[in-house]
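The structure appears below as structure tokens.
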2 protein chains.
Amino acid sequence: MKQATSPSAAPRAFLTRLFDAAIAAANPGQVVPPALPRPPKGRTVVIGAGKASAGMAAALEAHWSGPLEGLVITRHGQGREGAACRRIEIVEAAHPIPDAAGREATDRLMSLLSGLGKEDLVIALISGGGSSLLSKPLPGMTFEQKQEITRALLRSGATIGDMNIVRQHLSAVKGGRLAALAAPAPVVTLLISDVPGDLPETIASGPTLPPSATRADALAIIDRFGIDLPKTVRALLDSPAADSPAPEDPRFAANTHRVIASASQSLNAAKATAEAEGVRAVVLSDRIEGEAREVAKVLSALALACRDQGAPFSPPVVLLSGGETTVTVSGTGRGGRNSEFGLSSALVLQGIPHIHGLAADTDGIDGMEENAGVFLDGATVARLHAQGLDPQTLLGNNDAYRAFSALGDLLVTGPTGTNVNDFRAFYITTEVP
Amino acid sequence: MKQATSPSAAPRAFLTRLFDAAIAAANPGQVVPPALPRPPKGRTVVIGAGKASAGMAAALEAHWSGPLEGLVITRHGQGREGAACRRIEIVEAAHPIPDAAGREATDRLMSLLSGLGKEDLVIALISGGGSSLLSKPLPGMTFEQKQEITRALLRSGATIGDMNIVRQHLSAVKGGRLAALAAPAPVVTLLISDVPGDLPETIASGPTLPPSATRADALAIIDRFGIDLPKTVRALLDSPAADSPAPEDPRFAANTHRVIASASQSLNAAKATAEAEGVRAVVLSDRIEGEAREVAKVLSALALACRDQGAPFSPPVVLLSGGETTVTVSGTGRGGRNSEFGLSSALVLQGIPHIHGLAADTDGIDGMEENAGVFLDGATVARLHAQGLDPQTLLGNNDAYRAFSALGDLLVTGPTGTNVNDFRAFYITTEVP
């Protein structure tokens with residue numbers, strides 16, 4: 001058993017252990033094997049798409065007995081997580097803008113699903129980012145038309161949920177259409193969720209999971225936002241060809257799906273680790289969205305309330321949260337959403353002892369930098385001033401990476417091979433005796 | 001005893017009772033009388049400034065036995081709350097930009113404090129907004145120079161805390177200078193706080209409370225942000241004339257102060273009311289700042305977590321919070337920070353039952369409109385769509401008032417005569433049997 005320093009003696013080491021626990025709970029090598037079905041009598045075809053899907057394929061292949069074939073599409077640079085695969089082919093493609101490699105691989109993946117029978121089995125390994133890696137419009141429309149519709153929806157103020165309903169119904173692969181291609185073979189879908197709320201059909205736009213929304217819903221959204229569709233696309237969306245498979249379709253009766261990793265599961269793993277070390281932990285929410293620097297103000301205010309009023313939670317306590325914040329870039333600096341979160345938190349907590357924070361991306365890469373995240377506390381701002389750096393100016397220029405890099409307060413892990421979005425922890429200690 | 005409907009049967013009536021309890025806990029008529037000192041042997045001079053100070057004066061005068069004189073400055077339109085005053089003069093002045101009425105009244109208020117003795121008593125009634133109502137630069141500099149320095153600090157990225165340190169040291173009335181004028185008469189300061197965290201010396205820039213920051217701190221801020229001071233002002237700030245009184249000055253040994261109303265006290269009053277009705281309530285924080293629509297996303301995500309995961313708090317529960325959000329205006333619509341908060345929350349909670357929200361300003365006026373706040377729930381967005389209104393578009397145009405006005409979902413109270421900033425409550429019910 002590893003001897004760890006006590007949480008209050010080394011808060012950053014403690015926070016790092018919580019992050020490590022969160023990552024382990026979402027690691028394909030840990031979560032895929034126990035979720036695997038029994039091998040079928042017939043063939044086993046593995047398909048998949050997403051940032052974590054190569055690692056999922058490697059974990060599957062290492063634990064599978066019996067024949068196996070398949071194709072999984074992942075993002076450029078993440079194919080090596082499937083380097084151990086001998087039977088499942090791993091293809092890298094572009095994300096978030098689909099490229100020719102992704103389109104060609106999508107065609108080959110679809111053809112793998114044709115001609116399967118009841119005795120065969122399809123295992124779908126789906127993770128975040130799969131939506132752009134697996135890309136093919138309905139026959140009768142072009143990529144360019146689909147992109148133009150997406151842009152028009154974005155301009156219209158439609159929500160991401162509305163957009164996905166339209167896109168699912170204009171796609172040859174999304175909204176459960178891969179499950180329809182596989183029928184009558186049963187499909188077992190294993191999902192690593194990067195979607196706030198973890199609704200399975202929304203993860204990578206649900207290629208194997210028929211949606212509850214219908215073509216009529218898609219048309220209603222198009223009309224509500226006054227989107228001007230090309231005549232041929234309008235005709236397509238008006239025809240049964242654009243119907244997505246229905247969840248109650250008897251062809252899917254034997255299909256199953258399971259979210260094997262999610263922000264919620266990872267945060268609960270961090271909570272369990274904190275409590276095993278004797279510190280109460282609270283998961284505030286696994287699905288916080290919003291502008292990173294503003295979200296930071298709210299969560300820091302909660303940490304302050306705990307410290308100063310002993311409520312809503314009395315110290316020592318860890319406040320955990322996840323979700324996916326955003327950064328609206330107006331400056332020219334460097335830094336991802338977690339470093340922005342960290343710098344904004346540091347400004348709120350300026351000069352205040354007994355609160356230690358870690359904000360990190362569970363994929364191990366915060367934005368475009370080499371760090372997963374940043375550490376912050378009440379001394380962060382004073383230490384920046386001592387180096388002649390002004391935190392307000394840095395934040396104003398979206399240059400938060402520079403702040404934490406100068407302080408040596410980066411958390412660097414390298415790519416983790418998984419992604420359940422943001423991980424944030426505030427550890428509020430009691431006065432040190 | 002009033003017969004109230006049960007919370008779950010009429011959630012909005014319940015939320016309104018919580019808001020009423022919060023307002024009552026900050027009402028001058030309720031909080032001033034029990035905080036009054038014993039009358040002195042000598043004269044009693046009342047001074048004061050702030051949005052709630054006329055009401056405070058009226059409550060004092062109604063409960064005072066013995067001679068009384070004084071002058072209180074309040075904002076235009078709020079003098080009528082002191083209409084019952086016969087012995088304390090109420091003057092209205094401009095806010096937030098100081099005007100001639102405020103400057104003239106400040107001079108008269110200062111002269112009231114001269115020549116007092118040990119047997120006399122000064123009662124200072126301080127509330128939010130007092131900082132601009134009570135305005136006089138140090139002898140040797142002009143109003144225009146002070147305004148120019150404030151603008152330069154704003155441009156520089158200095159925090160409001162930094163700015164106030166500089167401003168306190170360039171003022172003839174702030175940073176405890178009124179207490180110095182009153183000495184040797186003791187000063188009892190009663191404060192209604194609109195400042196996140198309720199640090200007394202920061203409420204209205206602490207005219208009677210010597211600050212912990214010094215002239216050296218003010219100079220360090222000027223230098224750190226590279227503010228180019230006029231030569232005469234620089235010389236002034238370099239001289240002991242700019243020293244603010246020190247908290248440990250023996251002249252202030254008999255002075256006392258007390259925060260008689262604050263966000264924290266009001267939120268706890270709402271909590272007590274909810275719990276008296278059998279619903280657990282949690283105060284998340286009394287000092288949440290940040291862009292209203294982003295704060296809404298975070299707090300709605302917490303409400304969702306309670307509803308869906310039964311954690312961090314299991315329903316039925318009320319999540320209360322306060323503080324002061326901001327709105328960055330880019331559109332041309334109508335609405336204050338609480339209606340923006342409400343519309344953004346409604347978008348997050350779209351279609352989700354069992355969560356009911358109220359966001360309101362405790363002064364009774366959200367922004368420039370006639371409503372104190374708004375009600376929202378999972379049906380808000382669908383009801384807007386049914387009226388042909390698009391909530392995203394309205395929010396994008398800072399037009400949230402129009403949304404809630406169209407639905408009839410405004411909370412209208414009229415001015416409340418007090419101000420402890422934002423009041424927000426999410427009531428998460430259990431499934432109705």
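Starting from 1 in every chain, residues are counted up; chains themselves are A, B, ... following the order of the structure tokens, and ligands are numbered from 1 as listed.
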Quiz prompt | At most 8 Å to chain A: residues in chain B, only C-alpha atoms, as number ranges by chain | solution = B: 157-158, 282-291, 294-295, 297-298, 301-302, 304-305, 311-312, 392-393
Self-check item: All strand (DSSP E or B) positions in region 191-386 of chain B, as a ChimeraX atom specification
Solution: /B:191-192,256-261,280-291,317-326,355-361,373-377
For region 274-279 of chain A, work out the shell of residues within 12 Å, counting only C-alpha atoms and skipping chain neighbours fewer than 4 positions away, then give it as a PDB file with N, CA, C and O atoms, in the first residue's frame.
```
ATOM      1  N   GLN A   3       2.083   4.846   0.725  1.00  0.00           N
ATOM      2  CA  GLN A   3       1.958   5.782   1.836  1.00  0.00           C
ATOM      3  C   GLN A   3       1.750   7.175   1.257  1.00  0.00           C
ATOM      4  O   GLN A   3       2.642   7.723   0.606  1.00  0.00           O
ATOM      5  N   ALA A   4       0.620   7.759   1.483  1.00  0.00           N
ATOM      6  CA  ALA A   4       0.353   9.096   0.969  1.00  0.00           C
ATOM      7  C   ALA A   4       0.471  10.116   2.094  1.00  0.00           C
ATOM      8  O   ALA A   4       0.175   9.813   3.239  1.00  0.00           O
ATOM      9  N   THR A   5       0.916  11.309   1.734  1.00  0.00           N
ATOM     10  CA  THR A   5       0.885  12.380   2.725  1.00  0.00           C
ATOM     11  C   THR A   5      -0.571  12.729   3.007  1.00  0.00           C
ATOM     12  O   THR A   5      -1.444  12.469   2.202  1.00  0.00           O
ATOM     13  N   SER A   6      -0.825  13.321   4.163  1.00  0.00           N
ATOM     14  CA  SER A   6      -2.215  13.625   4.518  1.00  0.00           C
ATOM     15  C   SER A   6      -2.730  14.735   3.597  1.00  0.00           C
ATOM     16  O   SER A   6      -1.965  15.565   3.116  1.00  0.00           O
ATOM     17  N   PRO A   7      -4.029  14.749   3.344  1.00  0.00           N
ATOM     18  CA  PRO A   7      -4.599  15.765   2.449  1.00  0.00           C
ATOM     19  C   PRO A   7      -4.221  17.192   2.837  1.00  0.00           C
ATOM     20  O   PRO A   7      -3.771  17.955   1.986  1.00  0.00           O
ATOM     21  N   SER A   8      -4.348  17.542   4.122  1.00  0.00           N
ATOM     22  CA  SER A   8      -4.112  18.941   4.483  1.00  0.00           C
ATOM     23  C   SER A   8      -2.636  19.307   4.453  1.00  0.00           C
ATOM     24  O   SER A   8      -2.286  20.462   4.255  1.00  0.00           O
ATOM     25  N   PRO A  11      -2.017  19.628  -0.079  1.00  0.00           N
ATOM     26  CA  PRO A  11      -3.318  19.698  -0.772  1.00  0.00           C
ATOM     27  C   PRO A  11      -3.237  19.376  -2.266  1.00  0.00           C
ATOM     28  O   PRO A  11      -4.143  18.752  -2.813  1.00  0.00           O
ATOM     29  N   ALA A  13      -1.118  17.419  -3.879  1.00  0.00           N
ATOM     30  CA  ALA A  13      -0.962  15.979  -4.090  1.00  0.00           C
ATOM     31  C   ALA A  13      -2.310  15.278  -3.877  1.00  0.00           C
ATOM     32  O   ALA A  13      -2.679  14.367  -4.630  1.00  0.00           O
ATOM     33  N   PHE A  14      -3.036  15.732  -2.877  1.00  0.00           N
ATOM     34  CA  PHE A  14      -4.369  15.169  -2.608  1.00  0.00           C
ATOM     35  C   PHE A  14      -5.314  15.406  -3.789  1.00  0.00           C
ATOM     36  O   PHE A  14      -5.971  14.484  -4.286  1.00  0.00           O
ATOM     37  N   LEU A  15      -5.341  16.646  -4.297  1.00  0.00           N
ATOM     38  CA  LEU A  15      -6.203  16.953  -5.443  1.00  0.00           C
ATOM     39  C   LEU A  15      -5.805  16.120  -6.659  1.00  0.00           C
ATOM     40  O   LEU A  15      -6.653  15.681  -7.434  1.00  0.00           O
ATOM     41  N   THR A  16      -4.495  15.910  -6.819  1.00  0.00           N
ATOM     42  CA  THR A  16      -4.028  15.106  -7.951  1.00  0.00           C
ATOM     43  C   THR A  16      -4.505  13.659  -7.808  1.00  0.00           C
ATOM     44  O   THR A  16      -4.873  13.019  -8.802  1.00  0.00           O
ATOM     45  N   ARG A  17      -4.510  13.143  -6.576  1.00  0.00           N
ATOM     46  CA  ARG A  17      -5.033  11.774  -6.387  1.00  0.00           C
ATOM     47  C   ARG A  17      -6.517  11.694  -6.760  1.00  0.00           C
ATOM     48  O   ARG A  17      -6.970  10.700  -7.314  1.00  0.00           O
ATOM     49  N   LEU A  18      -7.251  12.746  -6.468  1.00  0.00           N
ATOM     50  CA  LEU A  18      -8.681  12.744  -6.837  1.00  0.00           C
ATOM     51  C   LEU A  18      -8.840  12.749  -8.358  1.00  0.00           C
ATOM     52  O   LEU A  18      -9.676  12.031  -8.916  1.00  0.00           O
ATOM     53  N   PHE A  19      -8.014  13.581  -9.024  1.00  0.00           N
ATOM     54  CA  PHE A  19      -8.067  13.612 -10.487  1.00  0.00           C
ATOM     55  C   PHE A  19      -7.694  12.245 -11.060  1.00  0.00           C
ATOM     56  O   PHE A  19      -8.357  11.730 -11.967  1.00  0.00           O
ATOM     57  N   ASP A  20      -6.637  11.644 -10.514  1.00  0.00           N
ATOM     58  CA  ASP A  20      -6.219  10.321 -10.994  1.00  0.00           C
ATOM     59  C   ASP A  20      -7.347   9.298 -10.840  1.00  0.00           C
ATOM     60  O   ASP A  20      -7.561   8.450 -11.714  1.00  0.00           O
ATOM     61  N   ALA A  21      -8.074   9.389  -9.732  1.00  0.00           N
ATOM     62  CA  ALA A  21      -9.188   8.459  -9.519  1.00  0.00           C
ATOM     63  C   ALA A  21     -10.287   8.682 -10.558  1.00  0.00           C
ATOM     64  O   ALA A  21     -10.897   7.729 -11.063  1.00  0.00           O
ATOM     65  N   ALA A  22     -10.514   9.956 -10.879  1.00  0.00           N
ATOM     66  CA  ALA A  22     -11.532  10.277 -11.887  1.00  0.00           C
ATOM     67  C   ALA A  22     -11.139   9.710 -13.253  1.00  0.00           C
ATOM     68  O   ALA A  22     -11.968   9.146 -13.977  1.00  0.00           O
ATOM     69  N   LEU A 267     -16.592  11.589 -11.204  1.00  0.00           N
ATOM     70  CA  LEU A 267     -16.668  12.454 -10.022  1.00  0.00           C
ATOM     71  C   LEU A 267     -16.964  11.623  -8.781  1.00  0.00           C
ATOM     72  O   LEU A 267     -16.418  11.885  -7.699  1.00  0.00           O
ATOM     73  N   ASN A 268     -17.795  10.615  -8.926  1.00  0.00           N
ATOM     74  CA  ASN A 268     -18.078   9.764  -7.771  1.00  0.00           C
ATOM     75  C   ASN A 268     -16.852   8.946  -7.360  1.00  0.00           C
ATOM     76  O   ASN A 268     -16.668   8.660  -6.172  1.00  0.00           O
ATOM     77  N   ALA A 269     -16.012   8.592  -8.339  1.00  0.00           N
ATOM     78  CA  ALA A 269     -14.766   7.895  -7.994  1.00  0.00           C
ATOM     79  C   ALA A 269     -13.835   8.829  -7.211  1.00  0.00           C
ATOM     80  O   ALA A 269     -13.182   8.416  -6.239  1.00  0.00           O
ATOM     81  N   ALA A 270     -13.783  10.087  -7.625  1.00  0.00           N
ATOM     82  CA  ALA A 270     -12.969  11.067  -6.890  1.00  0.00           C
ATOM     83  C   ALA A 270     -13.510  11.262  -5.478  1.00  0.00           C
ATOM     84  O   ALA A 270     -12.755  11.338  -4.503  1.00  0.00           O
ATOM     85  N   VAL A 283     -20.391  16.021  -4.736  1.00  0.00           N
ATOM     86  CA  VAL A 283     -20.483  16.275  -6.169  1.00  0.00           C
ATOM     87  C   VAL A 283     -21.587  17.307  -6.370  1.00  0.00           C
ATOM     88  O   VAL A 283     -22.761  17.023  -6.142  1.00  0.00           O
ATOM     89  N   PHE A 313     -21.662  23.447   3.190  1.00  0.00           N
ATOM     90  CA  PHE A 313     -20.915  22.279   3.652  1.00  0.00           C
ATOM     91  C   PHE A 313     -19.778  22.748   4.543  1.00  0.00           C
ATOM     92  O   PHE A 313     -19.029  23.645   4.169  1.00  0.00           O
ATOM     93  N   SER A 314     -19.630  22.120   5.696  1.00  0.00           N
ATOM     94  CA  SER A 314     -18.607  22.618   6.611  1.00  0.00           C
ATOM     95  C   SER A 314     -17.264  21.946   6.336  1.00  0.00           C
ATOM     96  O   SER A 314     -17.203  20.747   6.077  1.00  0.00           O
ATOM     97  N   PRO A 315     -16.179  22.714   6.343  1.00  0.00           N
ATOM     98  CA  PRO A 315     -14.843  22.190   6.091  1.00  0.00           C
ATOM     99  C   PRO A 315     -14.404  21.233   7.203  1.00  0.00           C
ATOM    100  O   PRO A 315     -14.905  21.363   8.329  1.00  0.00           O
ATOM    101  N   PRO A 316     -13.492  20.303   6.941  1.00  0.00           N
ATOM    102  CA  PRO A 316     -12.885  20.062   5.631  1.00  0.00           C
ATOM    103  C   PRO A 316     -13.841  19.366   4.678  1.00  0.00           C
ATOM    104  O   PRO A 316     -14.526  18.426   5.059  1.00  0.00           O
ATOM    105  N   VAL A 317     -13.842  19.847   3.435  1.00  0.00           N
ATOM    106  CA  VAL A 317     -14.738  19.281   2.425  1.00  0.00           C
ATOM    107  C   VAL A 317     -14.146  19.542   1.040  1.00  0.00           C
ATOM    108  O   VAL A 317     -13.399  20.509   0.858  1.00  0.00           O
ATOM    109  N   VAL A 318     -14.453  18.651   0.120  1.00  0.00           N
ATOM    110  CA  VAL A 318     -14.071  18.850  -1.281  1.00  0.00           C
ATOM    111  C   VAL A 318     -15.337  19.074  -2.093  1.00  0.00           C
ATOM    112  O   VAL A 318     -16.286  18.287  -1.984  1.00  0.00           O
ATOM    113  N   LEU A 319     -15.362  20.147  -2.887  1.00  0.00           N
ATOM    114  CA  LEU A 319     -16.482  20.398  -3.798  1.00  0.00           C
ATOM    115  C   LEU A 319     -16.061  19.968  -5.194  1.00  0.00           C
ATOM    116  O   LEU A 319     -15.148  20.547  -5.790  1.00  0.00           O
ATOM    117  N   LEU A 320     -16.722  18.948  -5.719  1.00  0.00           N
ATOM    118  CA  LEU A 320     -16.393  18.409  -7.038  1.00  0.00           C
ATOM    119  C   LEU A 320     -17.444  18.841  -8.052  1.00  0.00           C
ATOM    120  O   LEU A 320     -18.630  18.912  -7.726  1.00  0.00           O
ATOM    121  N   ALA A 425     -12.112  20.561  -8.666  1.00  0.00           N
ATOM    122  CA  ALA A 425     -12.202  20.253  -7.237  1.00  0.00           C
ATOM    123  C   ALA A 425     -11.705  21.447  -6.438  1.00  0.00           C
ATOM    124  O   ALA A 425     -10.641  21.994  -6.722  1.00  0.00           O
ATOM    125  N   PHE A 426     -12.508  21.865  -5.477  1.00  0.00           N
ATOM    126  CA  PHE A 426     -12.067  22.834  -4.475  1.00  0.00           C
ATOM    127  C   PHE A 426     -11.980  22.094  -3.141  1.00  0.00           C
ATOM    128  O   PHE A 426     -12.969  21.510  -2.691  1.00  0.00           O
ATOM    129  N   TYR A 427     -10.811  22.145  -2.536  1.00  0.00           N
ATOM    130  CA  TYR A 427     -10.594  21.502  -1.238  1.00  0.00           C
ATOM    131  C   TYR A 427     -10.523  22.616  -0.208  1.00  0.00           C
ATOM    132  O   TYR A 427      -9.620  23.449  -0.243  1.00  0.00           O
ATOM    133  N   ILE A 428     -11.513  22.649   0.687  1.00  0.00           N
ATOM    134  CA  ILE A 428     -11.560  23.673   1.720  1.00  0.00           C
ATOM    135  C   ILE A 428     -11.113  23.022   3.023  1.00  0.00           C
ATOM    136  O   ILE A 428     -11.760  22.091   3.513  1.00  0.00           O
ATOM    137  N   THR A 429      -9.992  23.519   3.540  1.00  0.00           N
ATOM    138  CA  THR A 429      -9.431  22.925   4.751  1.00  0.00           C
ATOM    139  C   THR A 429      -9.909  23.713   5.966  1.00  0.00           C
ATOM    140  O   THR A 429     -10.499  24.785   5.844  1.00  0.00           O
ATOM    141  N   THR A 430      -9.673  23.182   7.129  1.00  0.00           N
ATOM    142  CA  THR A 430      -9.918  23.959   8.343  1.00  0.00           C
ATOM    143  C   THR A 430      -8.607  24.642   8.716  1.00  0.00           C
ATOM    144  O   THR A 430      -7.552  24.345   8.146  1.00  0.00           O
TER     145      THR A 430
END
```
Run DSSP on the backbone of this structure and report the residues of region 367-431 of chain B it assigns to helix (DSSP H, G or I), as a PDB file with N, CA and C atoms, in the first residue's frame.
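Output saved as states28.pdb:
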```pdb
ATOM      1  N   THR B 380     -41.494  27.202 -19.225  1.00  0.00           N
ATOM      2  CA  THR B 380     -41.335  28.584 -19.685  1.00  0.00           C
ATOM      3  C   THR B 380     -41.013  28.661 -21.181  1.00  0.00           C
ATOM      4  N   VAL B 381     -40.056  27.855 -21.625  1.00  0.00           N
ATOM      5  CA  VAL B 381     -39.612  27.944 -23.026  1.00  0.00           C
ATOM      6  C   VAL B 381     -40.729  27.521 -23.981  1.00  0.00           C
ATOM      7  N   ALA B 382     -41.426  26.422 -23.666  1.00  0.00           N
ATOM      8  CA  ALA B 382     -42.512  25.974 -24.548  1.00  0.00           C
ATOM      9  C   ALA B 382     -43.627  27.026 -24.606  1.00  0.00           C
ATOM     10  N   ARG B 383     -43.889  27.665 -23.481  1.00  0.00           N
ATOM     11  CA  ARG B 383     -44.938  28.688 -23.482  1.00  0.00           C
ATOM     12  C   ARG B 383     -44.518  29.910 -24.300  1.00  0.00           C
ATOM     13  N   LEU B 384     -43.244  30.235 -24.310  1.00  0.00           N
ATOM     14  CA  LEU B 384     -42.764  31.328 -25.165  1.00  0.00           C
ATOM     15  C   LEU B 384     -42.916  30.947 -26.638  1.00  0.00           C
ATOM     16  N   HIS B 385     -42.481  29.730 -26.975  1.00  0.00           N
ATOM     17  CA  HIS B 385     -42.628  29.278 -28.364  1.00  0.00           C
ATOM     18  C   HIS B 385     -44.084  29.339 -28.799  1.00  0.00           C
ATOM     19  N   ALA B 386     -44.993  28.953 -27.892  1.00  0.00           N
ATOM     20  CA  ALA B 386     -46.423  28.953 -28.231  1.00  0.00           C
ATOM     21  C   ALA B 386     -46.923  30.361 -28.538  1.00  0.00           C
ATOM     22  N   PRO B 391     -36.901  32.306 -27.125  1.00  0.00           N
ATOM     23  CA  PRO B 391     -36.134  32.724 -25.938  1.00  0.00           C
ATOM     24  C   PRO B 391     -34.668  33.005 -26.236  1.00  0.00           C
ATOM     25  N   GLN B 392     -34.046  32.230 -27.125  1.00  0.00           N
ATOM     26  CA  GLN B 392     -32.644  32.487 -27.470  1.00  0.00           C
ATOM     27  C   GLN B 392     -32.489  33.868 -28.088  1.00  0.00           C
ATOM     28  N   THR B 393     -33.396  34.207 -28.983  1.00  0.00           N
ATOM     29  CA  THR B 393     -33.319  35.503 -29.649  1.00  0.00           C
ATOM     30  C   THR B 393     -33.525  36.633 -28.638  1.00  0.00           C
ATOM     31  N   LEU B 394     -34.516  36.448 -27.756  1.00  0.00           N
ATOM     32  CA  LEU B 394     -34.773  37.480 -26.742  1.00  0.00           C
ATOM     33  C   LEU B 394     -33.559  37.649 -25.831  1.00  0.00           C
ATOM     34  N   LEU B 395     -32.968  36.551 -25.400  1.00  0.00           N
ATOM     35  CA  LEU B 395     -31.793  36.636 -24.526  1.00  0.00           C
ATOM     36  C   LEU B 395     -30.636  37.297 -25.266  1.00  0.00           C
ATOM     37  N   GLY B 396     -30.474  36.930 -26.538  1.00  0.00           N
ATOM     38  CA  GLY B 396     -29.397  37.522 -27.343  1.00  0.00           C
ATOM     39  C   GLY B 396     -29.548  39.030 -27.471  1.00  0.00           C
ATOM     40  N   ALA B 400     -35.022  40.033 -21.984  1.00  0.00           N
ATOM     41  CA  ALA B 400     -35.663  39.008 -21.149  1.00  0.00           C
ATOM     42  C   ALA B 400     -36.947  39.515 -20.501  1.00  0.00           C
ATOM     43  N   TYR B 401     -36.994  40.812 -20.201  1.00  0.00           N
ATOM     44  CA  TYR B 401     -38.222  41.359 -19.603  1.00  0.00           C
ATOM     45  C   TYR B 401     -39.427  41.062 -20.484  1.00  0.00           C
ATOM     46  N   ARG B 402     -39.249  41.241 -21.794  1.00  0.00           N
ATOM     47  CA  ARG B 402     -40.349  41.027 -22.733  1.00  0.00           C
ATOM     48  C   ARG B 402     -40.874  39.593 -22.647  1.00  0.00           C
ATOM     49  N   ALA B 403     -39.949  38.645 -22.478  1.00  0.00           N
ATOM     50  CA  ALA B 403     -40.358  37.239 -22.393  1.00  0.00           C
ATOM     51  C   ALA B 403     -41.290  37.024 -21.206  1.00  0.00           C
ATOM     52  N   PHE B 404     -40.858  37.450 -20.036  1.00  0.00           N
ATOM     53  CA  PHE B 404     -41.639  37.161 -18.827  1.00  0.00           C
ATOM     54  C   PHE B 404     -42.893  38.044 -18.739  1.00  0.00           C
ATOM     55  N   SER B 405     -42.812  39.222 -19.310  1.00  0.00           N
ATOM     56  CA  SER B 405     -43.978  40.086 -19.364  1.00  0.00           C
ATOM     57  C   SER B 405     -45.058  39.443 -20.234  1.00  0.00           C
ATOM     58  N   ALA B 406     -44.652  38.893 -21.392  1.00  0.00           N
ATOM     59  CA  ALA B 406     -45.613  38.246 -22.290  1.00  0.00           C
ATOM     60  C   ALA B 406     -46.280  37.053 -21.614  1.00  0.00           C
ATOM     61  N   LEU B 407     -45.538  36.353 -20.767  1.00  0.00           N
ATOM     62  CA  LEU B 407     -46.084  35.169 -20.095  1.00  0.00           C
ATOM     63  C   LEU B 407     -46.893  35.525 -18.846  1.00  0.00           C
TER      64      LEU B 407
END
```
Exercise. Please provide as a VMD selection string all residues within 12 Å of Asp361 (chain A), with the sequence filter that same-chain residues fewer than 2 positions apart are discarded (counting only C-alpha atoms).
Key: chain A and resid 19 to 20 22 to 23 194 263 321 to 325 335 to 342 358 to 359 363 to 374 410 to 425
Quiz item: Taking only C-alpha atoms into account, which of A:Leu121, A:Ala54, A:Asp377, A:Ala218 comes nearest Leu153 (chain A)?
Solution: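 Ranked by minimum distance to Leu153 (chain A), first place goes to A:Ala218.
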Using only C-alpha atoms, what table do you get, as a tab-separated table, when you list each residue of region 255-355 of chain B with an atom no more than 12 Å from region 37-50 of chain B, its nearest pair of atoms, and their distance in Å rounded to one decimal, rows by chain then rising number?
```
residue	atom	partner	partner_atom	distance
B:Asn255	CA	B:Pro37	CA	11.4
B:Thr256	CA	B:Pro37	CA	9.9
B:His257	CA	B:Pro37	CA	10.8
B:Arg258	CA	B:Pro37	CA	11.2
```
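Closest approach to Val259 (chain A) among A:Pro353, A:Gly29, A:Pro200, A:Gly115 is made by A:Pro200 (distances from only C-alpha atoms).
Picture a line from CA of Gly175 (chain A) to CA of Leu113 (chain A); it runs 15.9 Å.
Closest approach to Leu133 (chain A) from the set A:Asp399, A:Asp120, A:Asp162, A:Glu92 is made by A:Glu92, with distances taken over only C-alpha atoms.
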Quiz prompt | Pick from B:Ser205, B:Ala9, B:Gly378, B:Leu181, whichever lies nearest to Ser111 (chain B) using only C-alpha atoms | solution =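 Closest candidate: B:Leu181.
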Quiz prompt | Residues within 12 Å of Arg103 (chain B), only C-alpha atoms, excluding chain neighbours under 5 positions, as a list in words | solution =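 Once the adjacent positions are removed, what remains is Ile73, Val91, Glu92, Ala93, Ala94, His95, Ile97, Pro98, Arg108, Leu109, Met110, Ser131, Ser132, Leu133, Leu134, Ser135, Lys136, Pro137, Phe143, Ala172 and Val173 of chain B.
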